[in-house]
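Shown next, in structure tokens, is the structure this report addresses.
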Amino acid sequence: METFICKIDREKPDMLLIGQAGAILAGGGLVAFPTETVYGLGADAMDARASAKIYKAKGRPSDNPLIVHITEIDDLARVAAAVSEQAHLLARQFWPGPLTMILHKGPEVPRETTGGLDTVAVRMPSDPIARQVIKASNTFIAAPSANVSGKPSPTRAEHVIEDLNGRVDMIIDGGKVGIGLESTIVDLTGEVPVILRPGYITEDMIAGVLGSVEMDKGILCNSTLDFHPKAPGMKYKHYAPAGDLMIVRGPQAAVIARINRLVKEKQVMGLTTAVIAADETVACYKCEHVFGIGSRDSEESIASNLFDLLRQMDALDIDVIFSESFEGGGLSQAIMNRLLKAAGYQVLEVREKTDGY
Ligand code: TXA
Ligand code: MG
């Protein structure tokens, strides 16, 4: 299939192109577009055949449900069976924005869209291009991240083109996205609200509205071994670069010393190495590829560069990658959740520099 690739200015979207995207979606086709979190691969959520095309284009397992994107809070009633007070509270506070809610499914949403589940994930994005495209389609849009299954979510149109050119009808290039990590997912179908995937809307922000919220146990540990995550997508291998990625955690000086030593050992073995470090420590490493991911003073910058860096590792054919750990404020849960998955939960704890190594 020939993919139509076009650039759209976020500030002044070309309505002709938006109309074209809407028409493709209304006709059952696939359009990739930017959102404020990551690029999404959209199809008509209310059309079982259109949703099925998403799974094929991404190589996504069919039991992994899709998020339904809407543009008005009132649309919730068409997608979900019963909209609780909690859902209204969260919608009023955080929509449009990077929050997805799991609710009981309304009868109009086909099971092909929800991976066979009786629940549905709903999100109302804030990105102006995403909103215009959904509006132009005159329907609701199922949109997973626009990557081939297993790869990091796309934060630039180039990533989408790399993965999906020739597999979708249209790719809208709206430049680099703002947040760079996928939306927070909160499940409101049980007795207590549970965060299934951490994101820009943090645990504290949600607790501030609902009083309390729990974290799914699989979020910061290897859920494939210990727990069964409630978001089916969280159980799959994700984000991992082809090279071996290890997170090194501990006091700063000890981490730097250990990584430099490990790099040297790997280089002697003839392996290509890379280091992912905060901007503040990037100059401390001796390695052929050292990447500054962003400043520890700005978790937003770290979040927005993470997926792009993981993709660069593959482009450069890196064999072994060492990364600093980025624990800290509200966004670090989301950053570490993605980084740990990418590393297959390989973490090396180091202690004070003086204790030997
Ligand atoms: O920021 C985002 O959420 C992006 C943009 C494009 O909106 N979308 C996105 O979709 O990240 P996707 O499909 O890559 O991730 C959706 C996650 C998956 O882990 C899936 O299993 C989970 O949401 N999910 C969807 N529906 C669910 C449901 N009914 N119950 C539990 N988990 C669900
Ligand atoms: Mg995804």
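Identifiers in this document derive from the order of the structure tokens: chains are assigned A, B, ..., residues are numbered from 1 separately in each chain, and ligands are numbered from 1 in order of occurrence.
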So which residues are near ligand 2, meaning at most 6 Å away with only C-alpha atoms and all ligand atoms counted, given back as a PDB file with N, CA, C and O atoms, in the first residue's frame?
ATOM      1  N   PRO A 144      -3.667   2.954  19.193  1.00  0.00           N
ATOM      2  CA  PRO A 144      -2.508   2.553  19.990  1.00  0.00           C
ATOM      3  C   PRO A 144      -1.325   3.417  19.556  1.00  0.00           C
ATOM      4  O   PRO A 144      -1.441   4.195  18.613  1.00  0.00           O
ATOM      5  N   SER A 145      -0.215   3.299  20.251  1.00  0.00           N
ATOM      6  CA  SER A 145       0.990   3.987  19.802  1.00  0.00           C
ATOM      7  C   SER A 145       1.337   3.470  18.395  1.00  0.00           C
ATOM      8  O   SER A 145       1.155   2.291  18.102  1.00  0.00           O
ATOM      9  N   SER A 153       7.542   3.471  21.656  1.00  0.00           N
ATOM     10  CA  SER A 153       6.496   4.306  21.055  1.00  0.00           C
ATOM     11  C   SER A 153       7.135   5.475  20.309  1.00  0.00           C
ATOM     12  O   SER A 153       8.161   5.997  20.731  1.00  0.00           O
TER      13      SER A 153
END
Taking only C-alpha atoms and all ligand atoms into account, which residues are within 6 Å of ligand 1, as a VMD selection string?
chain A and resid 37 to 40 64 to 67 102 114 119 to 121 143 to 145 182 to 183 230 to 234
Quick one: everything within 8 Å of Gly330 in chain A, counting only C-alpha atoms, minus sequence neighbours fewer than 2 positions away in the same chain. Send it as a list in words.
Thr202, Glu203, Asp204, Gly328, Ser332 and Gln333 of chain A
With a distance cut-off of 12 Å and only C-alpha atoms, select the neighbouring residues of Ala57 in chain A, excluding the residue or stretch itself and same-chain residues fewer than 2 positions from it, and output the selection as number ranges by chain.
A: 1, 29-32, 41-43, 50-55, 59-62, 144-149, 160, 163-169
Kindly save the residues from that selection, with N, CA, C and O atoms included, as a compact mmCIF listing (two decimals), in the first residue's frame.
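And here's result.txt as it stands now:
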# COMPACT_ATOMS: atom_id res chain seq x y z
N MET A 1 0.84 -1.19 0.00
CA MET A 1 0.00 0.00 0.00
C MET A 1 0.88 1.24 0.00
O MET A 1 1.93 1.27 0.64
N GLY A 29 -10.08 3.38 6.95
CA GLY A 29 -8.63 3.32 6.74
C GLY A 29 -7.83 3.65 7.99
O GLY A 29 -8.39 3.90 9.06
N LEU A 30 -6.50 3.65 7.83
CA LEU A 30 -5.58 3.88 8.95
C LEU A 30 -4.81 5.18 8.77
O LEU A 30 -4.20 5.41 7.72
N VAL A 31 -4.81 6.02 9.81
CA VAL A 31 -4.07 7.28 9.77
C VAL A 31 -3.24 7.41 11.05
O VAL A 31 -3.77 7.28 12.16
N ALA A 32 -1.94 7.65 10.92
CA ALA A 32 -1.09 7.91 12.08
C ALA A 32 -1.00 9.42 12.28
O ALA A 32 -0.80 10.17 11.33
N LEU A 41 -1.76 5.42 16.07
CA LEU A 41 -2.20 4.86 14.79
C LEU A 41 -3.72 4.69 14.87
O LEU A 41 -4.21 3.81 15.57
N GLY A 42 -4.44 5.57 14.17
CA GLY A 42 -5.89 5.64 14.34
C GLY A 42 -6.68 4.83 13.34
O GLY A 42 -6.28 4.65 12.18
N ALA A 43 -7.84 4.34 13.81
CA ALA A 43 -8.86 3.71 12.95
C ALA A 43 -10.21 3.93 13.63
O ALA A 43 -10.25 4.25 14.83
N ALA A 50 -12.20 -2.05 10.78
CA ALA A 50 -11.17 -1.01 10.81
C ALA A 50 -10.20 -1.26 11.97
O ALA A 50 -8.97 -1.19 11.81
N SER A 51 -10.75 -1.60 13.15
CA SER A 51 -9.89 -1.90 14.31
C SER A 51 -8.96 -3.07 14.01
O SER A 51 -7.78 -3.06 14.37
N ALA A 52 -9.51 -4.07 13.34
CA ALA A 52 -8.70 -5.26 13.03
C ALA A 52 -7.48 -4.90 12.20
O ALA A 52 -6.41 -5.51 12.32
N LYS A 53 -7.62 -3.89 11.35
CA LYS A 53 -6.49 -3.46 10.51
C LYS A 53 -5.32 -2.95 11.34
O LYS A 53 -4.16 -3.07 10.96
N ILE A 54 -5.65 -2.32 12.49
CA ILE A 54 -4.58 -1.80 13.36
C ILE A 54 -3.69 -2.96 13.84
O ILE A 54 -2.46 -2.87 13.81
N TYR A 55 -4.33 -4.04 14.28
CA TYR A 55 -3.58 -5.19 14.80
C TYR A 55 -2.63 -5.73 13.74
O TYR A 55 -1.49 -6.08 14.02
N GLY A 59 1.37 -5.64 13.95
CA GLY A 59 1.80 -6.97 14.38
C GLY A 59 1.47 -7.15 15.85
O GLY A 59 2.24 -7.70 16.62
N ARG A 60 0.29 -6.63 16.26
CA ARG A 60 -0.08 -6.61 17.68
C ARG A 60 -0.94 -7.82 18.03
O ARG A 60 -1.87 -8.14 17.29
N PRO A 61 -0.67 -8.46 19.17
CA PRO A 61 -1.51 -9.60 19.59
C PRO A 61 -2.98 -9.16 19.73
O PRO A 61 -3.24 -8.07 20.25
N SER A 62 -3.91 -9.99 19.29
CA SER A 62 -5.31 -9.55 19.22
C SER A 62 -6.00 -9.45 20.58
O SER A 62 -7.10 -8.95 20.69
N PRO A 144 -3.67 2.95 19.19
CA PRO A 144 -2.51 2.55 19.99
C PRO A 144 -1.32 3.42 19.56
O PRO A 144 -1.44 4.20 18.61
N SER A 145 -0.21 3.30 20.25
CA SER A 145 0.99 3.99 19.80
C SER A 145 1.34 3.47 18.39
O SER A 145 1.16 2.29 18.10
N ALA A 146 1.86 4.40 17.55
CA ALA A 146 2.04 4.08 16.12
C ALA A 146 3.39 3.44 15.83
O ALA A 146 4.13 3.88 14.95
N ASN A 147 3.73 2.40 16.60
CA ASN A 147 4.97 1.67 16.39
C ASN A 147 4.64 0.23 16.04
O ASN A 147 3.54 -0.25 16.30
N VAL A 148 5.64 -0.46 15.48
CA VAL A 148 5.51 -1.91 15.33
C VAL A 148 5.55 -2.49 16.74
O VAL A 148 6.32 -2.02 17.60
N SER A 149 4.69 -3.46 17.02
CA SER A 149 4.58 -4.05 18.35
C SER A 149 5.96 -4.41 18.93
O SER A 149 6.77 -5.02 18.23
N VAL A 160 7.56 6.83 13.10
CA VAL A 160 6.35 6.20 12.54
C VAL A 160 6.65 5.72 11.12
O VAL A 160 6.29 4.60 10.73
N ASP A 163 8.60 2.56 11.00
CA ASP A 163 7.86 1.35 11.38
C ASP A 163 6.69 1.03 10.45
O ASP A 163 6.39 -0.15 10.20
N LEU A 164 5.99 2.05 9.96
CA LEU A 164 4.67 1.78 9.35
C LEU A 164 4.52 2.24 7.90
O LEU A 164 3.44 2.09 7.32
N ASN A 165 5.59 2.81 7.31
CA ASN A 165 5.47 3.23 5.90
C ASN A 165 5.11 2.01 5.04
O ASN A 165 5.74 0.97 5.15
N GLY A 166 4.06 2.15 4.23
CA GLY A 166 3.63 1.05 3.37
C GLY A 166 2.57 0.17 4.03
O GLY A 166 2.00 -0.70 3.39
N ARG A 167 2.33 0.39 5.32
CA ARG A 167 1.33 -0.44 6.02
C ARG A 167 0.08 0.35 6.40
O ARG A 167 -0.86 -0.22 6.95
N VAL A 168 0.12 1.68 6.24
CA VAL A 168 -1.03 2.52 6.63
C VAL A 168 -1.35 3.49 5.50
O VAL A 168 -0.53 3.69 4.59
N ASP A 169 -2.53 4.10 5.55
CA ASP A 169 -2.94 4.99 4.46
C ASP A 169 -2.27 6.36 4.52
O ASP A 169 -1.92 6.94 3.50
Nearby residues (only C-alpha atoms) at most 8 Å from Ala342 in chain A, same-chain spacing under 5 positions excluded, as a PDB file with C-alpha atoms, in the first residue's frame:
ATOM      1  CA  HIS A 238       8.378  -3.741  25.133  1.00  0.00           C
ATOM      2  CA  TYR A 239      10.764  -0.962  24.221  1.00  0.00           C
ATOM      3  CA  ALA A 240      13.810  -3.230  24.391  1.00  0.00           C
ATOM      4  CA  PRO A 241      16.693  -2.252  22.106  1.00  0.00           C
ATOM      5  CA  LEU A 245      20.661  -2.650  28.339  1.00  0.00           C
TER       6      LEU A 245
END
Which is closer to Gly106 in chain A than all the others in A:Ile129, A:Leu306, A:Met46, A:Ala23, using only C-alpha atoms?
A:Met46
So what do you get for CA of Ile219 in chain A versus CA of Ile185 in chain A, distance-wise?
11.4 Å
